[in-house]
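Novice: Input file: my_file-v5.txt. Contents: compact mmCIF, C-alpha atoms and all ligand atoms.
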# COMPACT_ATOMS: atom_id res chain seq x y z
CA MET A 325 0.00 0.00 0.00
CA ASN A 326 1.27 3.49 -0.84
CA LYS A 327 2.07 5.98 1.87
CA THR A 328 -0.21 9.05 2.00
CA ALA A 329 0.51 12.78 2.08
CA LEU A 330 -2.01 15.42 3.15
CA ILE A 331 -1.42 18.81 1.54
CA THR A 332 -3.34 22.00 2.32
CA GLY A 333 -3.54 24.76 -0.27
CA ALA A 334 -2.93 22.32 -3.13
CA SER A 335 -5.06 24.20 -5.70
CA SER A 336 -2.19 26.44 -6.86
CA GLY A 337 1.39 27.58 -6.38
CA LEU A 338 3.67 25.69 -4.00
CA GLY A 339 0.91 23.35 -2.79
CA ARG A 340 0.17 22.17 -6.31
CA GLU A 341 3.89 21.57 -6.86
CA PHE A 342 4.14 19.62 -3.59
CA ALA A 343 1.26 17.44 -4.80
CA TRP A 344 3.10 16.67 -8.06
CA ILE A 345 6.33 15.85 -6.25
CA CYS A 346 4.63 13.61 -3.67
CA ALA A 347 2.69 11.76 -6.40
CA GLU A 348 5.86 11.37 -8.46
CA ASN A 349 7.40 9.75 -5.36
CA GLY A 350 4.54 7.25 -5.11
CA TYR A 351 2.46 8.88 -2.37
CA ASP A 352 -1.33 8.76 -2.38
CA LEU A 353 -2.71 12.19 -1.64
CA VAL A 354 -5.36 14.08 0.27
CA ILE A 355 -5.50 17.56 -1.26
CA THR A 356 -7.48 20.45 0.14
CA ALA A 357 -8.27 24.08 -0.71
CA ARG A 358 -11.39 26.07 -1.66
CA ASN A 359 -11.04 25.84 -5.44
CA THR A 360 -12.66 22.45 -6.11
CA ASP A 361 -12.30 22.65 -9.90
CA ALA A 362 -8.55 23.12 -9.61
CA LEU A 363 -8.29 20.27 -7.08
CA ASN A 364 -10.33 17.89 -9.25
CA ALA A 365 -8.29 18.75 -12.33
CA LEU A 366 -5.11 18.05 -10.35
CA LYS A 367 -6.55 14.76 -9.06
CA ASN A 368 -7.29 13.61 -12.64
CA GLU A 369 -3.81 14.59 -13.85
CA LEU A 370 -1.96 12.90 -10.99
CA GLU A 371 -4.03 9.71 -10.96
CA ALA A 372 -3.56 9.32 -14.73
CA LYS A 373 0.16 10.09 -14.72
CA PHE A 374 1.36 8.36 -11.54
CA GLY A 375 -1.35 5.78 -10.75
CA VAL A 376 -1.72 7.07 -7.19
CA ARG A 377 -5.03 7.63 -5.35
CA VAL A 378 -5.96 11.28 -4.84
CA PHE A 379 -8.70 12.32 -2.39
CA VAL A 380 -10.12 15.82 -2.81
CA PHE A 381 -11.59 17.65 0.16
CA ASP A 382 -12.66 21.23 -0.44
CA CYS A 383 -12.70 23.46 2.58
CA ASP A 384 -12.16 27.01 3.69
CA LEU A 385 -9.49 27.02 6.39
CA SER A 386 -10.51 30.49 7.53
CA GLN A 387 -13.47 28.76 9.20
CA ASN A 388 -12.53 27.38 12.59
CA THR A 389 -14.39 24.10 12.01
CA SER A 390 -12.64 23.25 8.72
CA ALA A 391 -9.49 21.59 10.05
CA ASP A 392 -11.64 19.22 12.14
CA LYS A 393 -13.61 18.38 9.00
CA ILE A 394 -10.39 17.42 7.22
CA CYS A 395 -9.48 15.12 10.13
CA GLU A 396 -12.96 13.59 9.98
CA PHE A 397 -12.62 13.06 6.21
CA VAL A 398 -9.31 11.25 6.71
CA ARG A 399 -10.85 9.10 9.47
CA GLU A 400 -13.93 8.23 7.42
CA ASN A 401 -11.76 7.11 4.50
CA SER A 402 -9.55 5.02 6.82
CA LEU A 403 -6.43 6.80 5.60
CA LYS A 404 -3.11 6.86 7.43
CA ILE A 405 -1.23 10.13 6.95
CA ASP A 406 2.54 9.72 6.67
CA ILE A 407 3.30 13.27 5.51
CA LEU A 408 1.46 16.45 6.50
CA ILE A 409 2.26 19.56 4.46
CA ASN A 410 0.72 22.66 6.03
CA ASN A 411 1.03 24.94 3.02
CA ALA A 412 -2.21 26.95 2.76
CA GLY A 413 -1.70 30.61 3.54
CA PHE A 414 -2.18 34.14 2.31
CA GLY A 415 -1.03 37.70 2.96
CA ASP A 416 -2.57 41.14 2.72
CA HIS A 417 -0.77 44.36 1.84
CA CYS A 418 -2.29 47.07 4.02
CA GLU A 419 -1.81 49.33 7.01
CA PHE A 420 -3.26 47.36 9.90
CA VAL A 421 -5.51 50.10 11.31
CA LYS A 422 -7.04 50.78 7.88
CA SER A 423 -7.38 47.10 7.03
CA ASP A 424 -10.40 44.84 6.99
CA LEU A 425 -10.04 43.30 10.46
CA LYS A 426 -12.11 40.28 9.44
CA LYS A 427 -9.57 39.47 6.74
CA GLN A 428 -6.66 39.80 9.20
CA LEU A 429 -8.38 37.43 11.61
CA GLU A 430 -9.07 34.99 8.77
CA MET A 431 -5.36 35.13 7.99
CA VAL A 432 -4.55 34.18 11.56
CA GLN A 433 -7.04 31.33 11.30
CA VAL A 434 -5.59 29.99 8.00
CA ASN A 435 -1.88 30.66 8.59
CA ILE A 436 -1.78 29.75 12.29
CA ALA A 437 -4.86 28.24 13.94
CA SER A 438 -5.79 25.71 11.25
CA LEU A 439 -2.13 24.69 10.98
CA LEU A 440 -2.07 24.10 14.75
CA ASN A 441 -5.29 22.12 14.61
CA LEU A 442 -4.09 19.80 11.83
CA THR A 443 -0.63 19.43 13.35
CA HIS A 444 -2.04 18.50 16.76
CA TYR A 445 -4.33 15.85 15.34
CA PHE A 446 -1.92 14.25 12.87
CA ALA A 447 1.18 14.46 15.10
CA ASN A 448 -0.72 12.41 17.70
CA LEU A 449 -1.59 9.82 15.06
CA MET A 450 2.01 9.81 13.86
CA ILE A 451 3.13 9.04 17.42
CA GLU A 452 0.81 6.01 17.40
CA GLN A 453 2.19 5.07 13.95
CA ASN A 454 5.78 5.37 15.24
CA GLY A 455 6.77 8.03 12.75
CA GLY A 456 5.88 10.67 10.22
CA LYS A 457 6.93 13.90 8.59
CA ILE A 458 5.48 17.40 8.92
CA LEU A 459 6.41 20.25 6.59
CA ASN A 460 5.20 23.68 7.67
CA ILE A 461 5.52 26.46 5.10
CA ALA A 462 6.73 29.57 6.89
CA SER A 463 8.49 32.28 4.89
CA ALA A 464 11.44 34.64 4.68
CA ALA A 465 8.92 36.95 6.34
CA SER A 466 9.49 34.98 9.55
CA LEU A 467 12.88 36.67 9.94
CA THR A 468 11.61 40.14 10.72
CA ALA A 469 8.64 42.45 11.33
CA GLY A 470 6.93 43.61 8.14
CA PRO A 471 5.19 46.99 8.08
CA LYS A 472 2.24 47.03 5.64
CA MET A 473 1.95 43.25 6.03
CA SER A 474 2.30 43.14 9.78
CA VAL A 475 -0.08 40.26 10.48
CA TYR A 476 1.36 38.11 7.69
CA TYR A 477 4.97 38.55 8.85
CA ALA A 478 4.00 37.86 12.45
CA SER A 479 2.02 34.77 11.40
CA LYS A 480 5.05 33.35 9.61
CA ALA A 481 7.34 34.05 12.59
CA PHE A 482 4.83 32.04 14.63
CA VAL A 483 4.92 29.14 12.14
CA ARG A 484 8.72 29.09 12.08
CA ASN A 485 9.24 29.23 15.85
CA PHE A 486 6.41 26.85 16.64
CA SER A 487 7.71 24.30 14.11
CA VAL A 488 11.28 24.38 15.44
CA ALA A 489 10.02 23.91 19.01
CA LEU A 490 7.66 21.09 18.02
CA GLY A 491 10.47 19.41 16.10
CA GLU A 492 12.46 19.26 19.32
CA GLU A 493 9.49 17.81 21.23
CA LEU A 494 8.86 15.10 18.62
CA ARG A 495 12.43 14.20 17.73
CA ALA A 496 12.51 11.15 20.02
CA GLN A 497 9.28 9.84 18.48
CA ASN A 498 10.67 9.55 14.97
CA ILE A 499 8.63 12.50 13.70
CA SER A 500 10.42 15.28 11.85
CA VAL A 501 9.03 18.79 11.67
CA THR A 502 10.50 21.07 9.02
CA ALA A 503 9.98 24.84 8.95
CA PHE A 504 10.54 25.85 5.35
CA CYS A 505 11.10 29.57 4.73
CA PRO A 506 11.15 30.57 1.06
CA GLY A 507 11.88 34.06 -0.22
CA PRO A 508 9.61 35.48 -2.97
CA VAL A 509 8.19 32.73 -5.21
CA ALA A 510 6.30 33.13 -8.50
CA THR A 511 2.78 31.98 -7.51
CA ASN A 512 -0.63 33.61 -7.05
CA PHE A 513 0.49 34.81 -3.62
CA GLY A 514 1.85 38.22 -4.75
CA GLU A 515 -1.26 39.09 -6.73
CA ARG A 516 -3.64 37.97 -3.98
CA ALA A 517 -1.73 39.80 -1.27
CA GLY A 518 -1.47 42.96 -3.39
CA VAL A 519 2.36 42.93 -3.40
CA LYS A 520 2.97 41.69 -6.93
CA ASN A 521 4.63 44.97 -7.91
CA ALA A 522 6.44 45.58 -4.62
CA LYS A 523 10.26 45.84 -4.72
CA ILE A 524 10.51 42.68 -2.64
CA PHE A 525 8.88 40.72 -5.51
CA ALA A 526 11.16 42.18 -8.20
CA ARG A 527 12.80 38.76 -8.57
CA SER A 528 10.97 35.67 -7.52
CA ASP A 529 11.91 31.99 -7.64
CA ASP A 530 10.27 29.24 -9.64
CA ALA A 531 7.58 27.44 -7.60
CA GLY A 532 8.49 23.95 -8.85
CA ALA A 533 12.15 24.32 -7.89
CA VAL A 534 11.31 25.81 -4.48
CA ALA A 535 8.82 23.03 -3.69
CA ARG A 536 11.36 20.37 -4.67
CA ARG A 537 13.89 21.84 -2.23
CA GLY A 538 11.19 22.00 0.46
CA PHE A 539 10.26 18.35 -0.17
CA GLU A 540 13.91 17.27 0.01
CA ALA A 541 14.42 19.23 3.24
CA MET A 542 11.41 17.46 4.76
CA MET A 543 12.50 14.02 3.56
CA SER A 544 15.95 14.48 5.05
CA GLY A 545 14.40 15.62 8.35
CA LYS A 546 15.85 19.14 8.38
CA THR A 547 14.42 21.42 11.06
CA LEU A 548 14.74 24.92 9.63
CA VAL A 549 15.49 25.80 6.01
CA TYR A 550 15.71 29.25 4.42
CA ASP A 551 15.37 29.07 0.66
CA GLY A 552 16.08 31.65 -2.01
CA ARG A 553 18.81 33.67 -3.61
CA PHE A 554 19.00 36.42 -0.96
CA MET A 555 18.18 34.33 2.07
CA LEU A 556 21.73 33.88 3.31
CA LEU A 557 22.19 37.65 3.28
CA ALA A 558 18.74 38.33 4.76
CA ASN A 559 19.37 35.82 7.55
CA LEU A 560 22.73 37.42 8.34
CA LEU A 561 21.46 41.02 8.25
CA THR A 562 18.47 40.27 10.48
CA ARG A 563 20.86 38.79 13.04
CA ILE A 564 23.20 41.79 12.95
CA PHE A 565 20.78 44.71 12.82
CA PRO A 566 18.09 45.53 15.40
CA LEU A 567 14.53 44.42 14.60
CA LYS A 568 13.33 48.04 14.42
CA PHE A 569 15.87 48.84 11.70
CA CYS A 570 15.05 45.65 9.76
CA ALA A 571 11.35 46.50 9.99
CA LYS A 572 12.00 49.94 8.44
CA VAL A 573 13.90 48.40 5.51
CA THR A 574 11.21 45.73 5.07
CA GLY A 575 8.48 48.38 5.09
CA PHE A 576 10.35 50.17 2.27
CA LEU A 577 10.72 46.92 0.28
CA ASN A 578 7.04 46.09 0.80
CA GLY A 579 6.28 49.39 -1.00
N1 LIG A 601 4.78 33.03 -2.98
C1 LIG A 601 5.64 33.51 -2.11
O1 LIG A 601 6.38 34.45 -2.37
C2 LIG A 601 5.78 32.86 -0.75
C3 LIG A 601 6.96 33.07 -0.03
C4 LIG A 601 7.08 32.49 1.22
C5 LIG A 601 6.06 31.70 1.72
N2 LIG A 601 4.92 31.53 1.00
C6 LIG A 601 3.87 30.70 1.59
O2 LIG A 601 3.67 29.59 0.74
C7 LIG A 601 2.36 29.06 0.96
C8 LIG A 601 1.71 28.79 -0.38
O3 LIG A 601 1.47 30.01 -1.04
P1 LIG A 601 1.71 30.21 -2.60
O4 LIG A 601 2.85 31.12 -2.76
O5 LIG A 601 1.73 28.91 -3.28
O6 LIG A 601 0.42 31.06 -2.97
P2 LIG A 601 -0.93 30.67 -3.76
O7 LIG A 601 -0.61 30.25 -5.15
O8 LIG A 601 -1.84 31.83 -3.55
O9 LIG A 601 -1.48 29.39 -2.98
C9 LIG A 601 -2.08 29.51 -1.73
C10 LIG A 601 -2.87 28.24 -1.44
O10 LIG A 601 -3.48 28.39 -0.16
C11 LIG A 601 -4.86 28.12 -0.30
N3 LIG A 601 -5.67 28.94 0.60
C12 LIG A 601 -5.64 30.28 0.75
N4 LIG A 601 -6.61 30.68 1.58
C13 LIG A 601 -7.28 29.55 1.94
C14 LIG A 601 -8.43 29.30 2.75
N5 LIG A 601 -9.10 30.30 3.34
N6 LIG A 601 -8.83 28.03 2.91
C15 LIG A 601 -8.19 27.01 2.30
N7 LIG A 601 -7.12 27.18 1.50
C16 LIG A 601 -6.69 28.44 1.32
C17 LIG A 601 -5.21 28.47 -1.74
O11 LIG A 601 -6.32 27.71 -2.18
P3 LIG A 601 -7.80 28.28 -2.52
O12 LIG A 601 -7.68 29.70 -2.88
O13 LIG A 601 -8.29 27.37 -3.61
O14 LIG A 601 -8.56 28.06 -1.25
C18 LIG A 601 -3.95 28.02 -2.47
O15 LIG A 601 -4.05 26.66 -2.80
C19 LIG A 601 1.63 30.09 1.81
O16 LIG A 601 1.60 29.65 3.15
C20 LIG A 601 2.50 31.34 1.68
O17 LIG A 601 2.38 32.16 2.81
C21 LIG A 601 4.76 32.07 -0.22
Write out the structure in this file as structure tokens.

Specialist:
Amino acid sequence: MNKTALITGASSGLGREFAWICAENGYDLVITARNTDALNALKNELEAKFGVRVFVFDCDLSQNTSADKICEFVRENSLKIDILINNAGFGDHCEFVKSDLKKQLEMVQVNIASLLNLTHYFANLMIEQNGGKILNIASAASLTAGPKMSVYYASKAFVRNFSVALGEELRAQNISVTAFCPGPVATNFGERAGVKNAKIFARSDDAGAVARRGFEAMMSGKTLVYDGRFMLLANLLTRIFPLKFCAKVTGFLNG
């Protein structure tokens, strides 16, 4: 029987690429997002090309009941999840006080709370299964504070720090947790967040290549991986300079 990977946000961008890579590596899949047409098209492509089973579950992770529904779906289909990829997420370019608060809270629900919910449920099952792999998609944004995208940057700092801590807690149980932090990637993210034309997105990496490096990092059990052409420099600068200074520069780059 094939192993199974559960991927959130698989309808586009990095999540779609993760689905391809997992299927190519012989994993059956549970793919989730809101865009059912895109998920069903992906299911048909992957089943035809790789002969794996693909389960589609459409859900809106900004609703606080959705993660539980995914768990229920997995239970009902008697699936055993070997890999969990918490990839769904979005940003919003705005000044916080002028922003739509509902959207900011939905971002916290998708980027943080739903990720916690799924991780808690599946990590416990992985303990019973004596192993598993969790890949949490953080971001270069986790390195600093990001004016005009303050909630997004803070949400990714949460994902990064939480994942590293959880990785330590689960190490002895044969479960790896990888916090993957890409720089700008060419996906729908920039357009949706309203930062497509920001200086920070002037050069973005190819989604397929980034996802492949993320998958490899997870498979080799790495804890924290920064990915992208300027990440070494960004990592160094954010260690040297005070957070307030880095935030000013980031605010400029966010445009
Ligand atoms: N692109 C970048 O520059 C970049 C850099 C660093 C980190 N990241 C992170 O990478 C991850 C993937 O983003 P991407 O770049 O691939 O962007 P993307 O193409 O916009 O994909 C985002 C995915 O998340 C899903 N999603 C968004 N809101 C959702 C909701 N309310 N409920 C369920 N699913 C939802 C979307 O599906 P539906 O719309 O169909 O629901 C989509 O499949 C995100 O966590 C993002 O923060 C991106």

Novice: May I ask for the distance between CA of Gly413 (chain A) and CA of Ile499 (chain A), given in Å to one decimal place?

Specialist: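 If I compute the distance from CA of Gly413 (chain A) to CA of Ile499 (chain A), I get 23.2 Å.
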
Novice: Which residue out of A:Asn521, A:Gly456, A:Gly507, A:Asp530 has the minimum interatomic distance to Leu494 (chain A) when all atoms listed in the file are used?

Specialist: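 That would be A:Gly456, the residue with the smallest distance to Leu494 (chain A).
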
Novice: Rank A:Ala496, A:Val378, A:Val475, A:Met555 by their smallest atom-to-atom distance to Leu403 (chain A), using all atoms listed in the file, and report the top residue only.

Specialist: A:Val378

Novice: Which polymer residues have any atom within 12 Å of an atom of Leu561 (chain A), counting all atoms listed in the file, with same-chain residues fewer than 5 positions away left out, as a VMD selection string?

Specialist: chain A and resid 467 to 468 554 to 556 566 to 567 569 to 571 573 to 574

Novice: Taking 3 positions as the minimum chain separation for residues in the same chain, which residues sit within 9 Å of region 350-360 of chain A when counting all atoms listed in the file? Answer as number ranges by chain.

Specialist: A: 326-336, 339-340, 343, 345-347, 363-365, 367, 374-385, 394, 398, 405, 412

Novice: Extending 8 Å beyond the listed atoms of ligand LIG 601 (chain A) on each side, what axis-aligned box results? I want centre and edge lengths in Å to one decimal, as JSON.

Specialist:
{"center_x": -1.0, "center_y": 30.6, "center_z": -0.9, "size_x": 32.2, "size_y": 23.8, "size_z": 24.5}

Novice: Given the point (15.1, 32.2, -6.2) in the file's coordinates, find the residues that have an atom at most 8 Å from it, counting only C-alpha atoms, and give them as a PyMOL selection string.

Specialist: chain A and resi 507-509+527-530+534+551-554

Novice: At what distance in Å, to one decimal, does CA of Gly575 (chain A) lie from CA of Phe420 (chain A)?

Specialist: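 Between CA of Phe420 (chain A) and CA of Gly575 (chain A) the gap is 12.7 Å.
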
Novice: I'd like the neighbourhood of Val483 (chain A) as a list in words, where a residue qualifies if any of its atoms comes within 8 Å (using all atoms listed in the file), though same-chain residues fewer than 6 positions away should be ignored.

Specialist: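 Contacts, in chain order: Asn435, Ile436, Asn460, Ile461, Ala462, Ser466 and Ala503 of chain A.
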
Novice: Could you save those same residues with C-alpha atoms as a PDB file, keeping the file's coordinate frame?

Specialist:
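Ended up saving to result_20.pdb:
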ATOM      1  CA  ASN A 435      -1.880  30.660   8.590  1.00  0.00           C
ATOM      2  CA  ILE A 436      -1.780  29.750  12.290  1.00  0.00           C
ATOM      3  CA  ASN A 460       5.200  23.680   7.670  1.00  0.00           C
ATOM      4  CA  ILE A 461       5.520  26.460   5.100  1.00  0.00           C
ATOM      5  CA  ALA A 462       6.730  29.570   6.890  1.00  0.00           C
ATOM      6  CA  SER A 466       9.490  34.980   9.550  1.00  0.00           C
ATOM      7  CA  ALA A 503       9.980  24.840   8.950  1.00  0.00           C
TER       8      ALA A 503
END

Novice: How many Å lie between CA of Leu459 (chain A) and CA of Leu577 (chain A), rounded to one decimal?

Specialist: 27.7 Å

Novice: Nearest to ligand LIG 601 (chain A) among A:Met450, A:Ile524, A:Ala533, A:Ala469, with distances taken over only C-alpha atoms and all ligand atoms: which residue is it?

Specialist: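 Closest candidate: A:Ile524.
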
Novice: Is it possible to add N, CA and C atoms to region 409-444 of chain A and hand it back as an mmCIF file, keeping the file's coordinate frame?

Specialist:
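Generated file (part16.cif):
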data_model
loop_
_atom_site.group_PDB
_atom_site.id
_atom_site.type_symbol
_atom_site.label_atom_id
_atom_site.label_comp_id
_atom_site.auth_asym_id
_atom_site.auth_seq_id
_atom_site.Cartn_x
_atom_site.Cartn_y
_atom_site.Cartn_z
ATOM 1 N N ILE A 409 1.652 18.316 4.956
ATOM 2 C CA ILE A 409 2.260 19.560 4.460
ATOM 3 C C ILE A 409 1.264 20.698 4.702
ATOM 4 N N ASN A 410 1.544 21.496 5.714
ATOM 5 C CA ASN A 410 0.720 22.660 6.030
ATOM 6 C C ASN A 410 1.216 23.816 5.162
ATOM 7 N N ASN A 411 0.562 23.972 4.012
ATOM 8 C CA ASN A 411 1.030 24.940 3.020
ATOM 9 C C ASN A 411 0.071 26.113 2.814
ATOM 10 N N ALA A 412 -1.232 25.898 3.042
ATOM 11 C CA ALA A 412 -2.210 26.950 2.760
ATOM 12 C C ALA A 412 -1.866 28.221 3.530
ATOM 13 N N GLY A 413 -1.972 29.342 2.863
ATOM 14 C CA GLY A 413 -1.700 30.610 3.540
ATOM 15 C C GLY A 413 -1.909 31.766 2.599
ATOM 16 N N PHE A 414 -2.067 32.942 3.155
ATOM 17 C CA PHE A 414 -2.180 34.140 2.310
ATOM 18 C C PHE A 414 -1.714 35.366 3.102
ATOM 19 N N GLY A 415 -1.442 36.434 2.360
ATOM 20 C CA GLY A 415 -1.030 37.700 2.960
ATOM 21 C C GLY A 415 -1.944 38.822 2.519
ATOM 22 N N ASP A 416 -1.726 39.995 3.077
ATOM 23 C CA ASP A 416 -2.570 41.140 2.720
ATOM 24 C C ASP A 416 -1.755 42.422 2.896
ATOM 25 N N HIS A 417 -1.551 43.124 1.785
ATOM 26 C CA HIS A 417 -0.770 44.360 1.840
ATOM 27 C C HIS A 417 -1.674 45.500 2.295
ATOM 28 N N CYS A 418 -1.413 46.024 3.476
ATOM 29 C CA CYS A 418 -2.290 47.070 4.020
ATOM 30 C C CYS A 418 -1.658 47.654 5.277
ATOM 31 N N GLU A 419 -2.155 48.834 5.666
ATOM 32 C CA GLU A 419 -1.810 49.330 7.010
ATOM 33 C C GLU A 419 -2.839 48.714 7.951
ATOM 34 N N PHE A 420 -2.372 48.153 9.033
ATOM 35 C CA PHE A 420 -3.260 47.360 9.900
ATOM 36 C C PHE A 420 -4.506 48.137 10.323
ATOM 37 N N VAL A 421 -4.335 49.390 10.776
ATOM 38 C CA VAL A 421 -5.510 50.100 11.310
ATOM 39 C C VAL A 421 -6.541 50.416 10.240
ATOM 40 N N LYS A 422 -6.087 50.489 8.969
ATOM 41 C CA LYS A 422 -7.040 50.780 7.880
ATOM 42 C C LYS A 422 -7.554 49.491 7.240
ATOM 43 N N SER A 423 -7.074 48.363 7.715
ATOM 44 C CA SER A 423 -7.380 47.100 7.030
ATOM 45 C C SER A 423 -8.763 46.576 7.424
ATOM 46 N N ASP A 424 -9.181 45.570 6.661
ATOM 47 C CA ASP A 424 -10.400 44.840 6.990
ATOM 48 C C ASP A 424 -10.020 43.850 8.103
ATOM 49 N N LEU A 425 -10.458 44.133 9.318
ATOM 50 C CA LEU A 425 -10.040 43.300 10.460
ATOM 51 C C LEU A 425 -10.453 41.842 10.278
ATOM 52 N N LYS A 426 -11.627 41.662 9.656
ATOM 53 C CA LYS A 426 -12.110 40.280 9.440
ATOM 54 C C LYS A 426 -11.086 39.495 8.620
ATOM 55 N N LYS A 427 -10.540 40.154 7.599
ATOM 56 C CA LYS A 427 -9.570 39.470 6.740
ATOM 57 C C LYS A 427 -8.285 39.137 7.514
ATOM 58 N N GLN A 428 -7.872 40.056 8.401
ATOM 59 C CA GLN A 428 -6.660 39.800 9.200
ATOM 60 C C GLN A 428 -6.883 38.607 10.126
ATOM 61 N N LEU A 429 -8.086 38.545 10.698
ATOM 62 C CA LEU A 429 -8.380 37.430 11.610
ATOM 63 C C LEU A 429 -8.504 36.109 10.839
ATOM 64 N N GLU A 430 -9.012 36.206 9.615
ATOM 65 C CA GLU A 430 -9.070 34.990 8.770
ATOM 66 C C GLU A 430 -7.655 34.517 8.457
ATOM 67 N N MET A 431 -6.757 35.489 8.260
ATOM 68 C CA MET A 431 -5.360 35.130 7.990
ATOM 69 C C MET A 431 -4.746 34.381 9.173
ATOM 70 N N VAL A 432 -5.056 34.863 10.356
ATOM 71 C CA VAL A 432 -4.550 34.180 11.560
ATOM 72 C C VAL A 432 -5.137 32.771 11.631
ATOM 73 N N GLN A 433 -6.406 32.653 11.265
ATOM 74 C CA GLN A 433 -7.040 31.330 11.300
ATOM 75 C C GLN A 433 -6.378 30.381 10.280
ATOM 76 N N VAL A 434 -6.172 30.864 9.036
ATOM 77 C CA VAL A 434 -5.590 29.990 8.000
ATOM 78 C C VAL A 434 -4.116 29.726 8.289
ATOM 79 N N ASN A 435 -3.342 30.804 8.497
ATOM 80 C CA ASN A 435 -1.880 30.660 8.590
ATOM 81 C C ASN A 435 -1.433 30.027 9.906
ATOM 82 N N ILE A 436 -2.214 30.244 10.975
ATOM 83 C CA ILE A 436 -1.780 29.750 12.290
ATOM 84 C C ILE A 436 -2.733 28.701 12.880
ATOM 85 N N ALA A 437 -3.984 29.111 13.133
ATOM 86 C CA ALA A 437 -4.860 28.240 13.940
ATOM 87 C C ALA A 437 -5.180 26.919 13.247
ATOM 88 N N SER A 438 -5.479 26.962 11.947
ATOM 89 C CA SER A 438 -5.790 25.710 11.250
ATOM 90 C C SER A 438 -4.557 24.820 11.170
ATOM 91 N N LEU A 439 -3.405 25.447 10.996
ATOM 92 C CA LEU A 439 -2.130 24.690 10.980
ATOM 93 C C LEU A 439 -1.927 23.987 12.329
ATOM 94 N N LEU A 440 -2.222 24.704 13.414
ATOM 95 C CA LEU A 440 -2.070 24.100 14.750
ATOM 96 C C LEU A 440 -3.022 22.924 14.926
ATOM 97 N N ASN A 441 -4.254 23.147 14.479
ATOM 98 C CA ASN A 441 -5.290 22.120 14.610
ATOM 99 C C ASN A 441 -4.889 20.826 13.886
ATOM 100 N N LEU A 442 -4.470 20.975 12.621
ATOM 101 C CA LEU A 442 -4.090 19.800 11.830
ATOM 102 C C LEU A 442 -2.836 19.137 12.400
ATOM 103 N N THR A 443 -1.884 19.969 12.818
ATOM 104 C CA THR A 443 -0.630 19.430 13.350
ATOM 105 C C THR A 443 -0.890 18.641 14.626
ATOM 106 N N HIS A 444 -1.745 19.177 15.496
ATOM 107 C CA HIS A 444 -2.040 18.500 16.760
ATOM 108 C C HIS A 444 -2.655 17.131 16.501
#
